[in-house]
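query-v2.cif follows; it contains mmCIF, C-alpha atoms; chains and numbers go by the auth columns.
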data_run
#
loop_
_atom_site.group_PDB
_atom_site.id
_atom_site.type_symbol
_atom_site.label_atom_id
_atom_site.label_comp_id
_atom_site.label_asym_id
_atom_site.label_seq_id
_atom_site.Cartn_x
_atom_site.Cartn_y
_atom_site.Cartn_z
_atom_site.B_iso_or_equiv
_atom_site.auth_seq_id
_atom_site.auth_asym_id
ATOM 1 C CA MET A 1 187.164 33.590 55.505 0.00 1 F
ATOM 2 C CA HIS A 2 186.364 30.287 57.170 0.00 2 F
ATOM 3 C CA MET A 3 185.087 26.978 55.836 0.00 3 F
ATOM 4 C CA VAL A 4 184.869 23.388 57.041 0.00 4 F
ATOM 5 C CA ILE A 5 186.956 20.837 55.148 0.00 5 F
ATOM 6 C CA TYR A 6 187.148 17.091 55.681 0.00 6 F
ATOM 7 C CA ALA A 7 189.984 14.554 55.645 0.00 7 F
ATOM 8 C CA LEU A 8 189.198 10.928 54.728 0.00 8 F
ATOM 9 C CA VAL A 9 191.697 8.725 56.544 0.00 9 F
ATOM 10 C CA GLU A 10 192.263 5.037 57.300 0.00 10 F
ATOM 11 C CA ALA A 11 192.179 4.373 61.057 0.00 11 F
ATOM 12 C CA SER A 12 190.951 1.869 63.597 0.00 12 F
ATOM 13 C CA THR A 13 190.052 4.306 66.410 0.00 13 F
ATOM 14 C CA GLU A 14 188.766 7.868 66.744 0.00 14 F
ATOM 15 C CA ASN A 15 192.099 9.014 68.224 0.00 15 F
ATOM 16 C CA GLU A 16 194.037 7.457 65.337 0.00 16 F
ATOM 17 C CA ALA A 17 191.655 9.104 62.852 0.00 17 F
ATOM 18 C CA LEU A 18 192.044 12.512 64.519 0.00 18 F
ATOM 19 C CA ALA A 19 195.851 12.224 64.490 0.00 19 F
ATOM 20 C CA ALA A 20 195.823 11.232 60.791 0.00 20 F
ATOM 21 C CA GLY A 21 193.420 14.085 60.029 0.00 21 F
ATOM 22 C CA LYS A 22 195.678 16.596 61.776 0.00 22 F
ATOM 23 C CA THR A 23 198.585 15.373 59.624 0.00 23 F
ATOM 24 C CA VAL A 24 196.515 16.140 56.511 0.00 24 F
ATOM 25 C CA PHE A 25 195.501 19.569 57.821 0.00 25 F
ATOM 26 C CA ASN A 26 199.097 20.381 58.816 0.00 26 F
ATOM 27 C CA ARG A 27 200.112 19.661 55.230 0.00 27 F
ATOM 28 C CA LEU A 28 197.351 21.954 53.922 0.00 28 F
ATOM 29 C CA VAL A 29 198.476 24.859 56.129 0.00 29 F
ATOM 30 C CA GLY A 30 202.110 24.421 55.085 0.00 30 F
ATOM 31 C CA ALA A 31 203.320 23.084 58.447 0.00 31 F
ATOM 32 C CA GLU A 32 204.825 19.924 56.913 0.00 32 F
ATOM 33 C CA PRO A 33 208.143 19.989 55.011 0.00 33 F
ATOM 34 C CA HIS A 34 207.616 20.213 51.215 0.00 34 F
ATOM 35 C CA SER A 35 203.994 21.265 51.622 0.00 35 F
ATOM 36 C CA CYS A 36 202.581 24.522 50.383 0.00 36 F
ATOM 37 C CA ALA A 37 199.958 26.404 52.318 0.00 37 F
ATOM 38 C CA VAL A 38 196.451 26.237 50.899 0.00 38 F
ATOM 39 C CA PHE A 39 194.889 27.539 54.121 0.00 39 F
ATOM 40 C CA ASP A 40 196.224 29.828 56.889 0.00 40 F
ATOM 41 C CA TYR A 41 195.368 27.681 59.905 0.00 41 F
ATOM 42 C CA PHE A 42 192.972 24.983 61.096 0.00 42 F
ATOM 43 C CA VAL A 43 191.021 24.096 64.217 0.00 43 F
ATOM 44 C CA THR A 44 189.704 20.558 64.740 0.00 44 F
ATOM 45 C CA PHE A 45 186.482 19.868 66.631 0.00 45 F
ATOM 46 C CA ASP A 46 188.188 18.402 69.704 0.00 46 F
ATOM 47 C CA GLU A 47 189.524 21.859 70.650 0.00 47 F
ATOM 48 C CA GLU A 48 187.536 23.462 73.464 0.00 48 F
ATOM 49 C CA ASP A 49 189.670 26.549 74.145 0.00 49 F
ATOM 50 C CA THR A 50 188.716 28.699 71.169 0.00 50 F
ATOM 51 C CA SER A 51 185.773 31.078 71.082 0.00 51 F
ATOM 52 C CA VAL A 52 186.008 31.993 67.388 0.00 52 F
ATOM 53 C CA ALA A 53 186.583 28.744 65.483 0.00 53 F
ATOM 54 C CA GLY A 54 185.590 25.086 65.415 0.00 54 F
ATOM 55 C CA LYS A 55 182.552 24.383 67.620 0.00 55 F
ATOM 56 C CA ALA A 56 182.195 28.068 68.496 0.00 56 F
ATOM 57 C CA ARG A 57 181.698 28.889 64.802 0.00 57 F
ATOM 58 C CA TRP A 58 180.008 25.780 63.367 0.00 58 F
ATOM 59 C CA GLY A 59 178.330 24.082 66.336 0.00 59 F
ATOM 60 C CA GLU A 60 178.826 20.514 67.487 0.00 60 F
ATOM 61 C CA LEU A 61 180.425 18.430 64.759 0.00 61 F
ATOM 62 C CA PRO A 62 181.964 15.039 65.514 0.00 62 F
ATOM 63 C CA THR A 63 185.722 15.104 66.127 0.00 63 F
ATOM 64 C CA ALA A 64 185.984 12.136 63.750 0.00 64 F
ATOM 65 C CA ALA A 65 183.443 9.559 62.567 0.00 65 F
ATOM 66 C CA PRO A 66 183.566 6.266 60.660 0.00 66 F
ATOM 67 C CA VAL A 67 182.380 7.001 57.117 0.00 67 F
ATOM 68 C CA ASP A 68 179.813 4.202 57.329 0.00 68 F
ATOM 69 C CA SER A 69 178.165 5.649 60.488 0.00 69 F
ATOM 70 C CA ASP A 70 175.246 8.122 60.386 0.00 70 F
ATOM 71 C CA ASP A 71 177.523 10.978 61.509 0.00 71 F
ATOM 72 C CA GLY A 72 180.147 9.951 58.955 0.00 72 F
ATOM 73 C CA ARG A 73 177.654 9.799 56.087 0.00 73 F
ATOM 74 C CA ASP A 74 176.295 13.199 57.103 0.00 74 F
ATOM 75 C CA LEU A 75 179.785 14.784 57.080 0.00 75 F
ATOM 76 C CA LEU A 76 180.637 13.101 53.767 0.00 76 F
ATOM 77 C CA ASP A 77 177.401 14.398 52.189 0.00 77 F
ATOM 78 C CA ARG A 78 178.135 17.926 53.440 0.00 78 F
ATOM 79 C CA GLY A 79 181.655 17.828 52.020 0.00 79 F
ATOM 80 C CA TRP A 80 180.588 16.397 48.672 0.00 80 F
ATOM 81 C CA GLU A 81 177.618 18.768 48.236 0.00 81 F
ATOM 82 C CA ALA A 82 179.826 21.793 49.030 0.00 82 F
ATOM 83 C CA THR A 83 182.440 20.583 46.499 0.00 83 F
ATOM 84 C CA LYS A 84 179.788 20.084 43.823 0.00 84 F
ATOM 85 C CA GLU A 85 178.088 23.437 44.413 0.00 85 F
ATOM 86 C CA GLU A 86 181.370 25.336 44.323 0.00 86 F
ATOM 87 C CA PHE A 87 182.436 23.566 41.107 0.00 87 F
ATOM 88 C CA GLU A 88 179.096 24.259 39.411 0.00 88 F
ATOM 89 C CA ARG A 89 179.183 27.918 40.479 0.00 89 F
ATOM 90 C CA ASN A 90 182.660 28.391 39.011 0.00 90 F
ATOM 91 C CA LEU A 91 181.866 26.398 35.874 0.00 91 F
ATOM 92 C CA GLU A 92 178.870 28.674 35.288 0.00 92 F
ATOM 93 C CA ARG A 93 181.203 31.700 35.509 0.00 93 F
ATOM 94 C CA VAL A 94 183.586 30.074 32.996 0.00 94 F
ATOM 95 C CA LYS A 95 180.764 29.366 30.518 0.00 95 F
ATOM 96 C CA LYS A 96 179.494 32.937 30.865 0.00 96 F
ATOM 97 C CA ALA A 97 182.997 34.358 30.305 0.00 97 F
ATOM 98 C CA ILE A 98 183.488 32.254 27.164 0.00 98 F
ATOM 99 C CA ASP A 99 180.123 33.392 25.807 0.00 99 F
ATOM 100 C CA GLU A 100 180.477 37.068 26.651 0.00 100 F
ATOM 101 C CA PHE A 101 184.154 38.059 26.447 0.00 101 F
ATOM 102 C CA SER A 102 186.732 38.256 23.698 0.00 102 F
ATOM 103 C CA ASP A 103 189.992 36.328 24.060 0.00 103 F
ATOM 104 C CA GLU A 104 191.725 39.588 24.933 0.00 104 F
ATOM 105 C CA GLU A 105 189.185 40.409 27.656 0.00 105 F
ATOM 106 C CA ILE A 106 189.621 36.929 29.139 0.00 106 F
ATOM 107 C CA MET A 107 193.397 37.322 28.983 0.00 107 F
ATOM 108 C CA ARG A 108 193.018 40.617 30.884 0.00 108 F
ATOM 109 C CA ASP A 109 190.937 38.709 33.479 0.00 109 F
ATOM 110 C CA GLU A 110 187.752 40.673 32.774 0.00 110 F
ATOM 111 C CA ASP A 111 185.192 39.988 35.546 0.00 111 F
ATOM 112 C CA LEU A 112 187.754 37.591 37.127 0.00 112 F
ATOM 113 C CA ALA A 113 187.224 35.124 34.264 0.00 113 F
ATOM 114 C CA ARG A 114 190.702 33.604 34.563 0.00 114 F
ATOM 115 C CA HIS A 115 190.226 33.250 38.281 0.00 115 F
ATOM 116 C CA ALA A 116 187.092 31.160 37.610 0.00 116 F
ATOM 117 C CA PHE A 117 189.051 29.040 35.088 0.00 117 F
ATOM 118 C CA HIS A 118 191.723 28.463 37.716 0.00 118 F
ATOM 119 C CA GLN A 119 189.192 27.440 40.350 0.00 119 F
ATOM 120 C CA VAL A 120 187.488 24.947 38.038 0.00 120 F
ATOM 121 C CA GLY A 121 190.901 23.336 37.481 0.00 121 F
ATOM 122 C CA ALA A 122 192.122 23.507 41.088 0.00 122 F
ATOM 123 C CA TYR A 123 193.453 20.457 42.921 0.00 123 F
ATOM 124 C CA ASP A 124 193.544 22.062 46.366 0.00 124 F
ATOM 125 C CA ASP A 125 192.135 25.425 47.312 0.00 125 F
ATOM 126 C CA PRO A 126 189.010 26.820 48.939 0.00 126 F
ATOM 127 C CA THR A 127 186.878 25.178 46.216 0.00 127 F
ATOM 128 C CA ILE A 128 187.831 21.685 47.473 0.00 128 F
ATOM 129 C CA PHE A 129 186.219 20.409 50.676 0.00 129 F
ATOM 130 C CA LEU A 130 187.295 16.723 50.821 0.00 130 F
ATOM 131 C CA TYR A 131 190.908 15.507 51.055 0.00 131 F
ATOM 132 C CA THR A 132 192.611 12.107 51.083 0.00 132 F
ATOM 133 C CA GLU A 133 195.065 11.153 53.818 0.00 133 F
ATOM 134 C CA HIS A 134 197.853 12.327 51.461 0.00 134 F
ATOM 135 C CA GLY A 135 196.365 15.833 51.380 0.00 135 F
ATOM 136 C CA THR A 136 195.105 15.392 47.813 0.00 136 F
ATOM 137 C CA GLY A 137 191.875 17.183 46.991 0.00 137 F
ATOM 138 C CA ILE A 138 188.973 14.951 45.917 0.00 138 F
ATOM 139 C CA ARG A 139 187.770 16.599 42.733 0.00 139 F
ATOM 140 C CA HIS A 140 185.164 14.269 41.245 0.00 140 F
ATOM 141 C CA ARG A 141 182.694 11.570 42.271 0.00 141 F
ATOM 142 C CA GLY A 142 184.635 8.692 40.661 0.00 142 F
ATOM 143 C CA GLN A 143 187.666 9.554 42.785 0.00 143 F
ATOM 144 C CA LEU A 144 185.507 9.623 45.939 0.00 144 F
ATOM 145 C CA ASP A 145 183.704 6.363 45.102 0.00 145 F
ATOM 146 C CA ARG A 146 187.008 4.584 44.444 0.00 146 F
ATOM 147 C CA LEU A 147 188.332 5.716 47.831 0.00 147 F
ATOM 148 C CA LEU A 148 185.143 4.553 49.568 0.00 148 F
ATOM 149 C CA GLU A 149 185.313 1.137 47.846 0.00 149 F
ATOM 150 C CA GLU A 150 189.025 0.502 48.409 0.00 150 F
ATOM 151 C CA SER A 151 189.225 1.512 52.073 0.00 151 F
ATOM 152 C CA GLU A 152 188.937 -0.917 54.959 0.00 152 F
ATOM 153 C CA GLU A 153 188.299 1.434 57.891 0.00 153 F
ATOM 154 C CA LEU A 154 187.693 4.921 56.543 0.00 154 F
ATOM 155 C CA TRP A 155 187.059 7.807 58.933 0.00 155 F
ATOM 156 C CA ILE A 156 186.138 11.398 58.179 0.00 156 F
ATOM 157 C CA VAL A 157 187.656 14.239 60.218 0.00 157 F
ATOM 158 C CA PRO A 158 186.289 17.798 59.913 0.00 158 F
ATOM 159 C CA ALA A 159 188.334 20.951 60.494 0.00 159 F
ATOM 160 C CA ASP A 160 187.522 24.632 60.466 0.00 160 F
ATOM 161 C CA VAL A 161 190.065 26.316 58.173 0.00 161 F
ATOM 162 C CA HIS A 162 190.808 29.963 57.519 0.00 162 F
ATOM 163 C CA PHE A 163 191.915 31.247 54.104 0.00 163 F
#
Serialized structure, structure tokens:
Amino acid sequence: MHMVIYALVEASTENEALAAGKTVFNRLVGAEPHSCAVFDYFVTFDEEDTSVAGKARWGELPTAAPVDSDDGRDLLDRGWEATKEEFERNLERVKKAIDEFSDEEIMRDEDLARHAFHQVGAYDDPTIFLYTEHGTGIRHRGQLDRLLEESEELWIVPADVHF
């Protein structure tokens, strides 16, 4: 399956932002030493030679955009909304499991209950759409707001990832 994720990185130019974003994505696909693979591979939106990923799959997205530009705000909103929706969907499954299943059924992973618990608690996996320049998943609004406040020149870099 494919999804678009976003890296929030400090940079002064688009090229610098793209390079920093690729470092984050390399970490998330396990290409960096001491990193574990969350996704199989990524394609950034500067790549023209693919017919199945990136622009070919998702249309024209900016290669990188300052977070305080219109494009940047749009990408940030997409990433945050996707994170929130995925969290709420999984939290709903957790609440349902707690209401409907015995402890033993949950332990047996009835209706993938434990999987939903895991996803609600995840730090990096296909339920997280926004990442810091250290490859850390942004899990709640306070974390995102702090990053936005503390950063001088924050850029957002989208990538099409496969998992």
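Note that the spacing between atom CA of F:Asp77 and atom CA of F:Gly21 amounts to 17.8 Å.
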If we count only C-alpha atoms, what is near stretch 121-133 of chain F at a cut-off of 9 Å, once residues fewer than 4 positions away on the same chain are taken out, given as an MDAnalysis selection string? chainID F and resid 3:10 20:21 23:24 28 38:39 76 78:80 82:84 86:87 90 116:117 137:139 144 147 163
Keeping C-alpha atoms for every residue in the selection just given, could you write it to a file as a short mmCIF file (atom, residue, chain, number, x, y, z; two decimals), keeping the file's coordinate frame?
data_model
loop_
_atom_site.label_atom_id
_atom_site.label_comp_id
_atom_site.auth_asym_id
_atom_site.auth_seq_id
_atom_site.Cartn_x
_atom_site.Cartn_y
_atom_site.Cartn_z
CA MET F 3 185.09 26.98 55.84
CA VAL F 4 184.87 23.39 57.04
CA ILE F 5 186.96 20.84 55.15
CA TYR F 6 187.15 17.09 55.68
CA ALA F 7 189.98 14.55 55.64
CA LEU F 8 189.20 10.93 54.73
CA VAL F 9 191.70 8.72 56.54
CA GLU F 10 192.26 5.04 57.30
CA ALA F 20 195.82 11.23 60.79
CA GLY F 21 193.42 14.08 60.03
CA THR F 23 198.58 15.37 59.62
CA VAL F 24 196.52 16.14 56.51
CA LEU F 28 197.35 21.95 53.92
CA VAL F 38 196.45 26.24 50.90
CA PHE F 39 194.89 27.54 54.12
CA LEU F 76 180.64 13.10 53.77
CA ARG F 78 178.14 17.93 53.44
CA GLY F 79 181.66 17.83 52.02
CA TRP F 80 180.59 16.40 48.67
CA ALA F 82 179.83 21.79 49.03
CA THR F 83 182.44 20.58 46.50
CA LYS F 84 179.79 20.08 43.82
CA GLU F 86 181.37 25.34 44.32
CA PHE F 87 182.44 23.57 41.11
CA ASN F 90 182.66 28.39 39.01
CA ALA F 116 187.09 31.16 37.61
CA PHE F 117 189.05 29.04 35.09
CA GLY F 137 191.88 17.18 46.99
CA ILE F 138 188.97 14.95 45.92
CA ARG F 139 187.77 16.60 42.73
CA LEU F 144 185.51 9.62 45.94
CA LEU F 147 188.33 5.72 47.83
CA PHE F 163 191.92 31.25 54.10
#
F:Ala64, F:Glu85, F:His140, F:Glu110: which is nearest F:Ser12, counting only C-alpha atoms?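 For F:Ser12, the nearest of the candidates is F:Ala64.
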Pick from F:Phe42, F:Trp58, F:Glu152, F:Glu92 nearest to F:Gly30, counting only C-alpha atoms: F:Phe42
Enclose all atoms of stretch 5-13 of chain F listed in the file in an axis-aligned box, grow every side by 6 Å, and hand back centre and edge lengths in Å to one decimal, as JSON.
{"center_x": 189.6, "center_y": 11.4, "center_z": 60.6, "size_x": 17.3, "size_y": 31.0, "size_z": 23.7}
Separation of atom CA of F:Arg73 from atom CA of F:His134, in Å and rounded to one decimal: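 These two atoms are separated by 20.9 Å.
Interatomic distance, atom CA of F:Arg114 to atom CA of F:Arg93: 9.7 Å.
Residue nearest F:Glu100, chosen from F:Ala113, F:Asp46, F:Tyr41, F:Gly142 and counting only C-alpha atoms: F:Ala113.
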Calculated over only C-alpha atoms, which of the candidates F:Val29, F:Val67, F:Ala53, F:Leu61 has the smallest distance to F:Trp155? F:Val67
Result set, the PyMOL selection byres ((chain F and resi 57) around 12) on current file, as an mmCIF file with C-alpha atoms, in the coordinates of the input:
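Result file follows (result-v3.cif):
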data_model
loop_
_atom_site.group_PDB
_atom_site.id
_atom_site.type_symbol
_atom_site.label_atom_id
_atom_site.label_comp_id
_atom_site.auth_asym_id
_atom_site.auth_seq_id
_atom_site.Cartn_x
_atom_site.Cartn_y
_atom_site.Cartn_z
ATOM 1 C CA MET F 1 187.164 33.590 55.505
ATOM 2 C CA HIS F 2 186.364 30.287 57.170
ATOM 3 C CA MET F 3 185.087 26.978 55.836
ATOM 4 C CA VAL F 4 184.869 23.388 57.041
ATOM 5 C CA VAL F 43 191.021 24.096 64.217
ATOM 6 C CA THR F 44 189.704 20.558 64.740
ATOM 7 C CA PHE F 45 186.482 19.868 66.631
ATOM 8 C CA GLU F 48 187.536 23.462 73.464
ATOM 9 C CA THR F 50 188.716 28.699 71.169
ATOM 10 C CA SER F 51 185.773 31.078 71.082
ATOM 11 C CA VAL F 52 186.008 31.993 67.388
ATOM 12 C CA ALA F 53 186.583 28.744 65.483
ATOM 13 C CA GLY F 54 185.590 25.086 65.415
ATOM 14 C CA LYS F 55 182.552 24.383 67.620
ATOM 15 C CA ALA F 56 182.195 28.068 68.496
ATOM 16 C CA TRP F 58 180.008 25.780 63.367
ATOM 17 C CA GLY F 59 178.330 24.082 66.336
ATOM 18 C CA GLU F 60 178.826 20.514 67.487
ATOM 19 C CA LEU F 61 180.425 18.430 64.759
ATOM 20 C CA ALA F 159 188.334 20.951 60.494
ATOM 21 C CA ASP F 160 187.522 24.632 60.466
ATOM 22 C CA VAL F 161 190.065 26.316 58.173
ATOM 23 C CA HIS F 162 190.808 29.963 57.519
#
Assuming the input is short of atoms at stretch 29-40 of chain F, produce all heavy atoms for that part as a compact mmCIF listing (two decimals), keeping the file's coordinate frame.
# COMPACT_ATOMS: atom_id res chain seq x y z
N VAL F 29 198.13 23.51 55.65
CA VAL F 29 198.48 24.86 56.13
C VAL F 29 199.97 25.12 56.02
O VAL F 29 200.48 26.12 56.53
CB VAL F 29 197.98 25.14 57.58
CG1 VAL F 29 196.47 25.07 57.65
CG2 VAL F 29 198.62 24.21 58.59
N GLY F 30 200.69 24.21 55.35
CA GLY F 30 202.11 24.42 55.08
C GLY F 30 203.01 24.13 56.26
O GLY F 30 204.16 24.55 56.27
N ALA F 31 202.51 23.37 57.26
CA ALA F 31 203.32 23.08 58.45
C ALA F 31 204.23 21.87 58.25
O ALA F 31 205.11 21.63 59.05
CB ALA F 31 202.42 22.86 59.66
N GLU F 32 203.99 21.11 57.19
CA GLU F 32 204.82 19.92 56.91
C GLU F 32 205.92 20.33 55.93
O GLU F 32 205.70 21.16 55.05
CB GLU F 32 203.98 18.84 56.25
CG GLU F 32 202.86 18.33 57.11
CD GLU F 32 203.30 17.19 57.98
OE1 GLU F 32 203.84 16.21 57.45
OE2 GLU F 32 203.10 17.28 59.20
N PRO F 33 207.10 19.71 56.01
CA PRO F 33 208.14 19.99 55.01
C PRO F 33 207.61 19.65 53.60
O PRO F 33 206.85 18.70 53.46
CB PRO F 33 209.29 19.03 55.40
CG PRO F 33 209.00 18.60 56.79
CD PRO F 33 207.52 18.72 57.00
N HIS F 34 208.00 20.41 52.63
CA HIS F 34 207.62 20.21 51.22
C HIS F 34 206.12 20.38 50.96
O HIS F 34 205.60 19.89 49.98
CB HIS F 34 208.06 18.84 50.68
CG HIS F 34 209.46 18.48 51.03
ND1 HIS F 34 210.53 19.26 50.66
CD2 HIS F 34 209.97 17.46 51.73
CE1 HIS F 34 211.64 18.72 51.11
NE2 HIS F 34 211.33 17.62 51.77
N SER F 35 205.41 21.02 51.89
CA SER F 35 203.99 21.26 51.62
C SER F 35 203.81 22.75 51.40
O SER F 35 204.55 23.56 51.94
CB SER F 35 203.14 20.78 52.80
OG SER F 35 203.44 21.50 53.97
N CYS F 36 202.83 23.09 50.56
CA CYS F 36 202.58 24.52 50.38
C CYS F 36 201.23 24.84 51.02
O CYS F 36 200.33 24.03 51.02
CB CYS F 36 202.63 24.92 48.92
SG CYS F 36 201.40 24.12 47.93
N ALA F 37 201.15 26.03 51.56
CA ALA F 37 199.96 26.40 52.32
C ALA F 37 198.79 26.70 51.39
O ALA F 37 198.87 27.55 50.52
CB ALA F 37 200.28 27.61 53.18
N VAL F 38 197.71 25.98 51.60
CA VAL F 38 196.45 26.24 50.90
C VAL F 38 195.57 27.09 51.81
O VAL F 38 194.84 27.96 51.36
CB VAL F 38 195.74 24.90 50.57
CG1 VAL F 38 194.43 25.14 49.85
CG2 VAL F 38 196.64 23.99 49.75
N PHE F 39 195.66 26.82 53.11
CA PHE F 39 194.89 27.54 54.12
C PHE F 39 195.85 28.15 55.14
O PHE F 39 196.99 27.73 55.25
CB PHE F 39 193.91 26.57 54.82
CG PHE F 39 192.98 25.88 53.86
CD1 PHE F 39 193.19 24.55 53.50
CD2 PHE F 39 191.90 26.56 53.31
CE1 PHE F 39 192.34 23.92 52.60
CE2 PHE F 39 191.06 25.93 52.41
CZ PHE F 39 191.27 24.61 52.05
N ASP F 40 195.37 29.14 55.91
CA ASP F 40 196.22 29.83 56.89
C ASP F 40 196.40 29.01 58.17
O ASP F 40 197.48 28.91 58.72
CB ASP F 40 195.63 31.19 57.27
CG ASP F 40 195.46 32.09 56.06
OD1 ASP F 40 196.29 32.00 55.14
OD2 ASP F 40 194.49 32.87 56.03
